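Participant: Provided below: model_29.cif, containing mmCIF, C-alpha atoms.
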data_model
#
loop_
_atom_site.group_PDB
_atom_site.id
_atom_site.type_symbol
_atom_site.label_atom_id
_atom_site.label_comp_id
_atom_site.auth_asym_id
_atom_site.auth_seq_id
_atom_site.Cartn_x
_atom_site.Cartn_y
_atom_site.Cartn_z
ATOM 1 C CA LEU A 868 167.552 91.279 219.120
ATOM 2 C CA SER A 869 170.501 92.035 221.345
ATOM 3 C CA PRO A 870 173.987 91.257 219.951
ATOM 4 C CA GLU A 871 174.080 88.143 222.108
ATOM 5 C CA ASP A 872 170.622 86.876 221.139
ATOM 6 C CA ALA A 873 171.558 87.081 217.465
ATOM 7 C CA LYS A 874 174.296 84.479 217.953
ATOM 8 C CA GLU A 875 174.172 80.693 218.114
ATOM 9 C CA PRO A 876 174.736 78.786 221.369
ATOM 10 C CA PRO A 877 178.295 77.491 221.711
ATOM 11 C CA ARG A 878 179.298 74.068 220.440
ATOM 12 C CA VAL A 879 180.550 72.086 223.418
ATOM 13 C CA ALA A 880 182.193 68.737 222.725
ATOM 14 C CA VAL A 881 180.827 65.769 224.707
ATOM 15 C CA PRO A 882 184.114 65.225 226.644
ATOM 16 C CA ASP A 883 184.100 68.895 227.680
ATOM 17 C CA LEU A 884 180.463 68.671 228.692
ATOM 18 C CA ARG A 885 181.131 65.551 230.762
ATOM 19 C CA LYS A 886 184.062 67.262 232.477
ATOM 20 C CA LYS A 887 181.859 70.219 233.368
ATOM 21 C CA LEU A 888 179.207 67.913 234.794
ATOM 22 C CA GLN A 889 181.772 66.056 236.890
ATOM 23 C CA ASP A 890 182.519 69.357 238.609
ATOM 24 C CA VAL A 891 178.859 69.826 239.615
ATOM 25 C CA ASN A 892 178.789 68.527 243.191
ATOM 26 C CA HIS A 893 175.152 69.193 244.092
ATOM 27 C CA TRP A 894 172.855 66.282 243.209
ATOM 28 C CA ARG A 895 169.932 68.572 242.431
ATOM 29 C CA ASP A 896 171.961 70.845 240.165
ATOM 30 C CA ARG A 897 173.459 67.948 238.252
ATOM 31 C CA SER A 898 170.041 66.306 237.861
ATOM 32 C CA ILE A 899 168.566 69.540 236.519
ATOM 33 C CA ILE A 900 171.313 70.104 233.957
ATOM 34 C CA VAL A 901 171.317 66.496 232.741
ATOM 35 C CA SER A 902 167.500 66.393 232.593
ATOM 36 C CA GLN A 903 167.493 69.357 230.245
ATOM 37 C CA LEU A 904 170.307 67.933 228.143
ATOM 38 C CA LYS A 905 168.741 64.487 227.823
ATOM 39 C CA LEU A 906 165.060 65.441 227.577
ATOM 40 C CA GLY A 907 165.180 68.822 225.846
ATOM 41 C CA LEU A 908 162.999 70.408 228.528
ATOM 42 C CA ARG A 909 162.327 74.095 228.936
ATOM 43 C CA ALA A 910 163.141 75.435 232.407
ATOM 44 C CA SER A 911 159.429 75.978 233.088
ATOM 45 C CA GLU A 912 158.598 72.373 232.136
ATOM 46 C CA LEU A 913 161.320 71.078 234.441
ATOM 47 C CA CYS A 914 160.074 73.199 237.351
ATOM 48 C CA ASN A 915 156.493 71.991 236.848
ATOM 49 C CA ILE A 916 157.148 68.234 237.130
ATOM 50 C CA LYS A 917 155.402 66.670 240.113
ATOM 51 C CA LEU A 918 156.297 63.415 241.851
ATOM 52 C CA PRO A 919 153.267 61.473 240.517
ATOM 53 C CA GLU A 920 154.461 62.288 236.976
ATOM 54 C CA LEU A 921 157.853 60.661 237.520
ATOM 55 C CA ASN A 922 157.992 56.866 237.436
ATOM 56 C CA ILE A 923 161.361 55.452 238.502
ATOM 57 C CA ARG A 924 161.540 51.779 239.369
ATOM 58 C CA HIS A 925 163.638 51.906 242.531
ATOM 59 C CA GLN A 926 162.514 50.187 245.712
ATOM 60 C CA ALA A 927 163.840 52.743 248.202
ATOM 61 C CA LEU A 928 162.223 55.605 246.298
ATOM 62 C CA GLN A 929 158.937 53.766 245.918
ATOM 63 C CA ASP A 930 158.912 53.008 249.649
ATOM 64 C CA HIS A 931 159.570 56.651 250.508
ATOM 65 C CA TYR A 932 157.419 58.456 247.935
ATOM 66 C CA ASP A 933 153.990 56.822 247.888
ATOM 67 C CA GLU A 934 152.739 59.168 245.188
ATOM 68 C CA MET A 935 155.670 58.687 242.809
ATOM 69 C CA GLY A 936 154.687 57.383 239.383
ATOM 70 C CA THR A 937 150.957 57.257 240.109
ATOM 71 C CA HIS A 938 149.846 59.569 237.293
ATOM 72 C CA ARG A 939 147.792 57.657 234.711
ATOM 73 C CA ARG A 940 150.178 58.629 231.901
ATOM 74 C CA VAL A 941 153.200 56.935 233.519
ATOM 75 C CA CYS A 942 151.871 54.392 236.033
ATOM 76 C CA ASP A 943 152.310 51.573 233.495
ATOM 77 C CA ARG A 944 155.453 53.025 231.932
ATOM 78 C CA PRO A 945 158.458 52.409 234.189
ATOM 79 C CA ASN A 946 161.363 54.848 234.004
ATOM 80 C CA SER A 947 159.496 57.658 232.313
ATOM 81 C CA VAL A 948 158.301 61.184 233.028
ATOM 82 C CA TYR A 949 155.123 62.930 231.969
ATOM 83 C CA ILE A 950 155.362 66.561 230.824
ATOM 84 C CA PRO A 951 151.908 68.150 231.188
ATOM 85 C CA PRO A 952 150.812 70.984 228.893
ATOM 86 C CA ASP A 953 148.452 72.678 231.347
ATOM 87 C CA ARG A 954 150.799 74.284 233.885
ATOM 88 C CA ASP A 955 151.841 77.911 234.337
ATOM 89 C CA LEU A 956 154.525 78.979 231.837
ATOM 90 C CA ASN A 957 154.525 75.639 229.987
ATOM 91 C CA LYS A 958 154.662 76.875 226.387
ATOM 92 C CA SER A 959 153.898 73.548 224.764
ATOM 93 C CA SER A 960 150.315 72.393 224.260
ATOM 94 C CA VAL A 961 151.527 68.833 223.624
ATOM 95 C CA PRO A 962 151.268 66.300 226.481
ATOM 96 C CA ARG A 963 154.202 63.932 226.249
ATOM 97 C CA VAL A 964 155.813 60.984 228.023
ATOM 98 C CA LEU A 965 159.603 60.887 227.826
ATOM 99 C CA PRO A 966 161.970 57.994 228.630
ATOM 100 C CA LEU A 967 164.609 58.150 231.353
ATOM 101 C CA ASP A 968 167.875 56.461 230.420
ATOM 102 C CA ASP A 969 170.155 54.730 232.941
ATOM 103 C CA GLU A 970 172.399 57.733 233.517
ATOM 104 C CA LEU A 971 169.553 60.151 234.183
ATOM 105 C CA ARG A 972 167.707 57.631 236.367
ATOM 106 C CA LEU A 973 170.790 57.210 238.553
ATOM 107 C CA LEU A 974 171.158 60.966 238.989
ATOM 108 C CA LEU A 975 167.485 61.388 239.834
ATOM 109 C CA VAL A 976 167.623 58.545 242.361
ATOM 110 C CA GLU A 977 170.632 60.091 244.083
ATOM 111 C CA TYR A 978 168.916 63.470 244.228
ATOM 112 C CA LEU A 979 165.540 62.174 245.390
ATOM 113 C CA LEU A 980 167.115 60.170 248.196
ATOM 114 C CA VAL A 981 168.412 63.428 249.730
ATOM 115 C CA ARG A 982 165.570 65.714 248.580
ATOM 116 C CA PRO A 983 163.920 67.640 251.464
ATOM 117 C CA ASP A 984 160.870 65.694 252.599
ATOM 118 C CA ASN A 985 158.364 68.503 253.237
ATOM 119 C CA GLY A 986 155.248 67.215 251.527
ATOM 120 C CA LYS A 987 155.641 69.436 248.455
ATOM 121 C CA PRO A 988 154.642 67.732 245.189
ATOM 122 C CA TRP A 989 157.333 69.233 242.963
ATOM 123 C CA VAL A 990 160.308 67.069 242.015
ATOM 124 C CA PHE A 991 162.791 69.942 242.085
ATOM 125 C CA LEU A 992 162.717 72.197 245.151
ATOM 126 C CA SER A 993 164.370 75.576 245.711
ATOM 127 C CA PRO A 994 167.519 75.505 247.850
ATOM 128 C CA THR A 995 166.358 77.801 250.657
ATOM 129 C CA ARG A 996 162.613 77.569 251.294
ATOM 130 C CA HIS A 997 162.246 74.199 249.551
ATOM 131 C CA ASN A 998 159.299 75.362 247.458
ATOM 132 C CA GLN A 999 158.801 74.877 243.736
ATOM 133 C CA MET A 1000 161.808 76.077 241.771
ATOM 134 C CA ASN A 1001 161.388 78.871 239.230
ATOM 135 C CA ASN A 1002 162.939 79.518 235.830
ATOM 136 C CA SER A 1003 165.416 82.101 237.094
ATOM 137 C CA LYS A 1004 166.869 79.664 239.628
ATOM 138 C CA VAL A 1005 167.313 77.006 236.927
ATOM 139 C CA ASN A 1006 169.111 79.591 234.821
ATOM 140 C CA GLU A 1007 171.336 80.527 237.778
ATOM 141 C CA ILE A 1008 172.359 76.883 238.150
ATOM 142 C CA TRP A 1009 173.557 76.773 234.537
ATOM 143 C CA LYS A 1010 175.408 80.064 234.924
ATOM 144 C CA ASP A 1011 177.022 78.962 238.189
ATOM 145 C CA HIS A 1012 178.562 75.940 236.501
ATOM 146 C CA PHE A 1013 179.255 77.194 232.953
ATOM 147 C CA HIS A 1014 180.248 80.826 233.440
ATOM 148 C CA PRO A 1015 182.566 82.616 232.970
ATOM 149 C CA GLU A 1016 184.044 80.053 230.545
ATOM 150 C CA TYR A 1017 180.906 79.985 228.380
ATOM 151 C CA GLN A 1018 179.726 83.530 229.027
ATOM 152 C CA PHE A 1019 179.080 85.928 226.166
ATOM 153 C CA ASN A 1020 181.525 88.669 225.270
ATOM 154 C CA GLU A 1021 181.560 90.954 222.247
ATOM 155 C CA ASP A 1022 184.410 89.100 220.504
ATOM 156 C CA ASP A 1023 182.872 85.657 221.014
ATOM 157 C CA PRO A 1024 181.011 84.114 218.039
ATOM 158 C CA TYR A 1025 178.546 82.394 220.407
ATOM 159 C CA ARG A 1026 175.982 83.427 222.997
ATOM 160 C CA SER A 1027 176.213 82.561 226.701
ATOM 161 C CA ILE A 1028 175.250 79.140 227.952
ATOM 162 C CA THR A 1029 171.975 79.357 229.855
ATOM 163 C CA SER A 1030 169.241 76.828 230.636
ATOM 164 C CA HIS A 1031 168.111 77.007 226.992
ATOM 165 C CA PHE A 1032 171.403 75.382 225.990
ATOM 166 C CA GLY A 1033 170.170 71.957 227.144
ATOM 167 C CA ARG A 1034 167.138 72.139 224.866
ATOM 168 C CA HIS A 1035 169.212 73.369 221.926
ATOM 169 C CA ARG A 1036 171.866 70.671 222.454
ATOM 170 C CA PHE A 1037 169.194 67.974 222.632
ATOM 171 C CA SER A 1038 167.529 69.041 219.372
ATOM 172 C CA THR A 1039 170.833 69.447 217.532
ATOM 173 C CA PHE A 1040 172.158 66.088 218.697
ATOM 174 C CA PHE A 1041 169.129 64.043 217.680
ATOM 175 C CA ARG A 1042 168.623 65.857 214.372
ATOM 176 C CA ASN A 1043 172.228 66.027 213.180
ATOM 177 C CA GLU A 1044 174.006 63.157 214.922
ATOM 178 C CA ARG A 1045 171.304 60.533 215.458
ATOM 179 C CA HIS A 1046 169.330 61.544 212.340
ATOM 180 C CA TRP A 1047 165.967 61.129 214.026
ATOM 181 C CA GLN A 1048 162.829 61.804 212.003
ATOM 182 C CA GLU A 1049 161.684 65.390 212.480
ATOM 183 C CA GLU A 1050 158.309 64.412 213.933
ATOM 184 C CA LYS A 1051 160.056 62.419 216.662
ATOM 185 C CA VAL A 1052 162.216 65.394 217.640
ATOM 186 C CA GLN A 1053 159.114 67.595 217.552
ATOM 187 C CA TYR A 1054 157.294 65.256 219.909
ATOM 188 C CA MET A 1055 160.197 65.096 222.354
ATOM 189 C CA THR A 1056 160.532 68.878 222.440
ATOM 190 C CA GLY A 1057 156.789 69.506 222.605
ATOM 191 C CA HIS A 1058 156.176 71.019 219.191
ATOM 192 C CA LYS A 1059 152.939 70.252 217.390
ATOM 193 C CA GLY A 1060 153.353 67.666 214.674
ATOM 194 C CA SER A 1061 151.529 65.012 212.707
ATOM 195 C CA TYR A 1062 151.971 62.384 215.443
ATOM 196 C CA ASP A 1063 149.204 61.264 217.807
ATOM 197 C CA SER A 1064 149.956 62.697 221.261
ATOM 198 C CA ASP A 1065 147.334 60.638 223.151
#
Could you render the structure from this file as structure tokens?
Facilitator:
Amino acid sequence: LSPEDAKEPPRVAVPDLRKKLQDVNHWRDRSIIVSQLKLGLRASELCNIKLPELNIRHQALQDHYDEMGTHRRVCDRPNSVYIPPDRDLNKSSVPRVLPLDDELRLLLVEYLLVRPDNGKPWVFLSPTRHNQMNNSKVNEIWKDHFHPEYQFNEDDPYRSITSHFGRHRFSTFFRNERHWQEEKVQYMTGHKGSYDSD
């Protein structure tokens, strides 16, 4: 392990996190960061979400994106997203359906209303060629908005904030602050557990 990898991610208070997010002006970037914070997604899982796997009950979106929310796992589950296990770089073998709360839904609606309409199936598109985003671009977004304030240095007790921070923050919050049962956290984060994933 490198000196940075051996350290814990920083502890960022909710007011400080909200202030950081208020400074993110790009709808896509803010949606990406909040999606990882609220759903505990890996960068690869986020990049692999397709429009049929996202069901948001919003008339303008439904009128514009015919395919949105048509996947069998979410078509009868409004305001949810399906995370498939069978895509490139998706480390989890657990198929899961995750809920979208009001705050995340609003951000996704605002992003999708201005998303480039080029026929690509991916929810999140790269900023230049408007193709599927990749992990490194997701990581760049986090660094753009959280560095240098939360960037590693030798005297710092914590590692840098990267895209993995959202997943770590999610798990820590629901385990330590909401006191969720471990199997529920495992399901949400895509770890194998004793639950039924069908």
Participant: On this file, the PyMOL selection byres ((chain A and resi 969-978) around 6) gives some set of residues; write that set as a ChimeraX atom specification.
Facilitator: /A:894-895,898,967-968,979-982
Participant: Point out the residue among A:Gln926, A:Arg909, A:Lys874, A:Pro994 with the least atom-to-atom distance to A:Asn1020, counting all atoms listed in the file.
Facilitator: A:Lys874
Participant: Give the answer as one residue: which of A:Phe1032, A:Trp1009, A:Gln1048, A:Leu918 has the shortest atom-to-atom distance to A:Lys887, using only C-alpha atoms?
Facilitator: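 Among the listed residues, the smallest separation from A:Lys887 belongs to A:Trp1009.
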Participant: Extract, using only C-alpha atoms, all DNA, RNA and protein residues at most 10 Å from A:Pro952, discarding same-chain residues fewer than 6 positions from it, and format them as a list of chain:residue names.
Facilitator: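 Listed by chain and then number, they are A:Glu912, A:Asn915, A:Lys958, A:Ser959, A:Ser960, A:Val961, A:Pro962, A:Arg963, A:Gly1057.
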Participant: Based on the selection just made, write C-alpha atoms of those residues as a compact mmCIF listing (two decimals), keeping the file's coordinate frame.
Facilitator:
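And here's part07.txt as it stands now:
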# COMPACT_ATOMS: atom_id res chain seq x y z
CA GLU A 912 158.60 72.37 232.14
CA ASN A 915 156.49 71.99 236.85
CA LYS A 958 154.66 76.88 226.39
CA SER A 959 153.90 73.55 224.76
CA SER A 960 150.32 72.39 224.26
CA VAL A 961 151.53 68.83 223.62
CA PRO A 962 151.27 66.30 226.48
CA ARG A 963 154.20 63.93 226.25
CA GLY A 1057 156.79 69.51 222.60
Participant: Running the PyMOL selection byres ((chain A and resi 932) around 10) on this model by hand, what would come out? Give it as a short mmCIF file (atom, residue, chain, number, x, y, z; two decimals) with C-alpha atoms, in the coordinates of the input.
Facilitator:
data_model
loop_
_atom_site.label_atom_id
_atom_site.label_comp_id
_atom_site.auth_asym_id
_atom_site.auth_seq_id
_atom_site.Cartn_x
_atom_site.Cartn_y
_atom_site.Cartn_z
CA LEU A 918 156.30 63.42 241.85
CA PRO A 919 153.27 61.47 240.52
CA GLN A 926 162.51 50.19 245.71
CA ALA A 927 163.84 52.74 248.20
CA LEU A 928 162.22 55.60 246.30
CA GLN A 929 158.94 53.77 245.92
CA ASP A 930 158.91 53.01 249.65
CA HIS A 931 159.57 56.65 250.51
CA ASP A 933 153.99 56.82 247.89
CA GLU A 934 152.74 59.17 245.19
CA MET A 935 155.67 58.69 242.81
CA GLY A 936 154.69 57.38 239.38
CA LEU A 979 165.54 62.17 245.39
CA LEU A 980 167.12 60.17 248.20
CA ASP A 984 160.87 65.69 252.60
CA GLY A 986 155.25 67.22 251.53
#
Participant: I'd like the residues picked by the PyMOL selection byres ((chain A and resi 884) around 12) written out as a PyMOL selection string, using the chain letters and numbers from the file.
Facilitator: chain A and resi 877-883+885-891+897+900-901+904+1012-1013+1017+1028+1032-1033+1036
Participant: Near A:Gly907, within 8 Å and counting all atoms listed in the file, which residues show up once chain neighbours fewer than 4 positions away are dropped, as a VMD selection string?
Facilitator: chain A and resid 902 to 903 1033 to 1038 1055 to 1056
Participant: Take atom CA of A:Asn922 and atom CA of A:Met1000 and report the distance between them in Å, one decimal.
Facilitator: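 Interatomic distance here is 20.1 Å.
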Participant: Mind working out the centre and edge lengths of an axis-aligned box for stretch 987-995 of chain A, all listed atoms inside, 8 Å added to each side, rounded to one decimal in Å and written as AutoDock Vina command-line options?
Facilitator:
--center_x 161.1 --center_y 72.4 --center_z 246.3 --size_x 28.9 --size_y 26.7 --size_z 24.6
Participant: At what distance in Å, to one decimal, does atom CA of A:Trp1047 lie from atom CA of A:Lys917?
Facilitator: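 Going from atom CA of A:Lys917 over to atom CA of A:Trp1047, I get 28.7 Å.
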Participant: So, with all atoms listed in the file as the atoms that count, which of A:Asn892, A:Ile916, A:Ile1008, A:Tyr1054 lies closest to A:Asn957?
Facilitator: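 Of A:Asn892, A:Ile916, A:Ile1008, A:Tyr1054, the one nearest A:Asn957 is A:Ile916, counting all atoms listed in the file.
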Participant: At what distance in Å, to one decimal, does atom CA of A:Cys942 lie from atom CA of A:Val964?
Facilitator: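 Those two atoms sit 11.1 Å apart.
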Participant: Of the candidates A:His997, A:Leu913, A:Ile923, A:Leu965, which one gets nearest to A:Val948 if we count all atoms listed in the file?
Facilitator: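 Looking only at the distances to A:Val948, the closest residue turns out to be A:Leu965.
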Participant: Point out the residue among A:Cys914, A:Val1005, A:Leu906, A:Ile950 with the least atom-to-atom distance to A:Val990, counting only C-alpha atoms.
Facilitator: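 Nearest candidate to A:Val990 out of A:Cys914, A:Val1005, A:Leu906, A:Ile950: A:Cys914.
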Participant: Check the smallest atom-to-atom distance from each of A:Leu921, A:Ala910, A:Leu956, A:Ile899 to A:Asn1002 using all atoms listed in the file, then report the winner.
Facilitator: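 Result for the nearest residue to A:Asn1002: A:Ala910.
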Participant: Please supply stretch 976-1004 of chain A, rebuilt with N, CA and C atoms, as a PDB file, in the coordinates of the input.
Facilitator:
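Generated file (rebuild-v3.pdb):
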ATOM      1  N   VAL A 976     167.698  59.346 241.130  1.00  0.00           N
ATOM      2  CA  VAL A 976     167.623  58.545 242.361  1.00  0.00           C
ATOM      3  C   VAL A 976     168.497  59.166 243.441  1.00  0.00           C
ATOM      4  N   GLU A 977     169.718  59.514 243.092  1.00  0.00           N
ATOM      5  CA  GLU A 977     170.632  60.091 244.083  1.00  0.00           C
ATOM      6  C   GLU A 977     170.100  61.409 244.636  1.00  0.00           C
ATOM      7  N   TYR A 978     169.498  62.210 243.764  1.00  0.00           N
ATOM      8  CA  TYR A 978     168.916  63.470 244.228  1.00  0.00           C
ATOM      9  C   TYR A 978     167.695  63.228 245.109  1.00  0.00           C
ATOM     10  N   LEU A 979     166.787  62.378 244.657  1.00  0.00           N
ATOM     11  CA  LEU A 979     165.540  62.174 245.390  1.00  0.00           C
ATOM     12  C   LEU A 979     165.753  61.531 246.751  1.00  0.00           C
ATOM     13  N   LEU A 980     166.829  60.777 246.897  1.00  0.00           N
ATOM     14  CA  LEU A 980     167.115  60.170 248.196  1.00  0.00           C
ATOM     15  C   LEU A 980     167.555  61.201 249.230  1.00  0.00           C
ATOM     16  N   VAL A 981     168.012  62.373 248.785  1.00  0.00           N
ATOM     17  CA  VAL A 981     168.412  63.428 249.730  1.00  0.00           C
ATOM     18  C   VAL A 981     167.512  64.664 249.615  1.00  0.00           C
ATOM     19  N   ARG A 982     166.499  64.587 248.763  1.00  0.00           N
ATOM     20  CA  ARG A 982     165.570  65.714 248.580  1.00  0.00           C
ATOM     21  C   ARG A 982     164.844  66.014 249.884  1.00  0.00           C
ATOM     22  N   PRO A 983     164.663  67.302 250.241  1.00  0.00           N
ATOM     23  CA  PRO A 983     163.920  67.640 251.464  1.00  0.00           C
ATOM     24  C   PRO A 983     162.526  67.025 251.450  1.00  0.00           C
ATOM     25  N   ASP A 984     162.153  66.378 252.525  1.00  0.00           N
ATOM     26  CA  ASP A 984     160.870  65.694 252.599  1.00  0.00           C
ATOM     27  C   ASP A 984     159.881  66.595 253.339  1.00  0.00           C
ATOM     28  N   ASN A 985     159.253  67.523 252.599  1.00  0.00           N
ATOM     29  CA  ASN A 985     158.364  68.503 253.237  1.00  0.00           C
ATOM     30  C   ASN A 985     156.934  68.442 252.713  1.00  0.00           C
ATOM     31  N   GLY A 986     156.608  67.374 252.009  1.00  0.00           N
ATOM     32  CA  GLY A 986     155.248  67.215 251.527  1.00  0.00           C
ATOM     33  C   GLY A 986     154.923  67.964 250.246  1.00  0.00           C
ATOM     34  N   LYS A 987     155.887  68.705 249.695  1.00  0.00           N
ATOM     35  CA  LYS A 987     155.641  69.436 248.455  1.00  0.00           C
ATOM     36  C   LYS A 987     155.616  68.454 247.286  1.00  0.00           C
ATOM     37  N   PRO A 988     154.765  68.696 246.285  1.00  0.00           N
ATOM     38  CA  PRO A 988     154.642  67.732 245.189  1.00  0.00           C
ATOM     39  C   PRO A 988     155.692  67.863 244.105  1.00  0.00           C
ATOM     40  N   TRP A 989     156.420  68.974 244.071  1.00  0.00           N
ATOM     41  CA  TRP A 989     157.333  69.233 242.963  1.00  0.00           C
ATOM     42  C   TRP A 989     158.598  68.388 243.098  1.00  0.00           C
ATOM     43  N   VAL A 990     159.081  67.874 241.982  1.00  0.00           N
ATOM     44  CA  VAL A 990     160.308  67.069 242.015  1.00  0.00           C
ATOM     45  C   VAL A 990     161.498  67.924 242.425  1.00  0.00           C
ATOM     46  N   PHE A 991     161.636  69.090 241.807  1.00  0.00           N
ATOM     47  CA  PHE A 991     162.791  69.942 242.085  1.00  0.00           C
ATOM     48  C   PHE A 991     162.379  71.103 242.992  1.00  0.00           C
ATOM     49  N   LEU A 992     163.043  71.189 244.149  1.00  0.00           N
ATOM     50  CA  LEU A 992     162.717  72.197 245.151  1.00  0.00           C
ATOM     51  C   LEU A 992     163.808  73.253 245.234  1.00  0.00           C
ATOM     52  N   SER A 993     163.415  74.475 245.572  1.00  0.00           N
ATOM     53  CA  SER A 993     164.370  75.576 245.711  1.00  0.00           C
ATOM     54  C   SER A 993     165.302  75.309 246.884  1.00  0.00           C
ATOM     55  N   PRO A 994     166.516  75.857 246.846  1.00  0.00           N
ATOM     56  CA  PRO A 994     167.519  75.505 247.850  1.00  0.00           C
ATOM     57  C   PRO A 994     167.274  76.099 249.233  1.00  0.00           C
ATOM     58  N   THR A 995     166.510  77.158 249.350  1.00  0.00           N
ATOM     59  CA  THR A 995     166.358  77.801 250.657  1.00  0.00           C
ATOM     60  C   THR A 995     165.029  77.447 251.318  1.00  0.00           C
ATOM     61  N   ARG A 996     163.923  77.832 250.684  1.00  0.00           N
ATOM     62  CA  ARG A 996     162.613  77.569 251.294  1.00  0.00           C
ATOM     63  C   ARG A 996     162.030  76.219 250.898  1.00  0.00           C
ATOM     64  N   HIS A 997     162.683  75.525 249.997  1.00  0.00           N
ATOM     65  CA  HIS A 997     162.246  74.199 249.551  1.00  0.00           C
ATOM     66  C   HIS A 997     160.830  74.221 248.991  1.00  0.00           C
ATOM     67  N   ASN A 998     160.537  75.275 248.225  1.00  0.00           N
ATOM     68  CA  ASN A 998     159.299  75.362 247.458  1.00  0.00           C
ATOM     69  C   ASN A 998     159.598  75.003 246.007  1.00  0.00           C
ATOM     70  N   GLN A 999     158.594  75.133 245.154  1.00  0.00           N
ATOM     71  CA  GLN A 999     158.801  74.877 243.736  1.00  0.00           C
ATOM     72  C   GLN A 999     159.878  75.816 243.193  1.00  0.00           C
ATOM     73  N   MET A1000     160.788  75.255 242.405  1.00  0.00           N
ATOM     74  CA  MET A1000     161.808  76.077 241.771  1.00  0.00           C
ATOM     75  C   MET A1000     161.172  76.945 240.694  1.00  0.00           C
ATOM     76  N   ASN A1001     161.868  78.045 240.338  1.00  0.00           N
ATOM     77  CA  ASN A1001     161.388  78.871 239.230  1.00  0.00           C
ATOM     78  C   ASN A1001     162.450  78.932 238.137  1.00  0.00           C
ATOM     79  N   ASN A1002     162.061  79.486 237.003  1.00  0.00           N
ATOM     80  CA  ASN A1002     162.939  79.518 235.830  1.00  0.00           C
ATOM     81  C   ASN A1002     164.257  80.224 236.110  1.00  0.00           C
ATOM     82  N   SER A1003     164.191  81.323 236.852  1.00  0.00           N
ATOM     83  CA  SER A1003     165.416  82.101 237.094  1.00  0.00           C
ATOM     84  C   SER A1003     166.424  81.304 237.904  1.00  0.00           C
ATOM     85  N   LYS A1004     165.951  80.486 238.840  1.00  0.00           N
ATOM     86  CA  LYS A1004     166.869  79.664 239.628  1.00  0.00           C
ATOM     87  C   LYS A1004     167.518  78.588 238.756  1.00  0.00           C
TER      88      LYS A1004
END
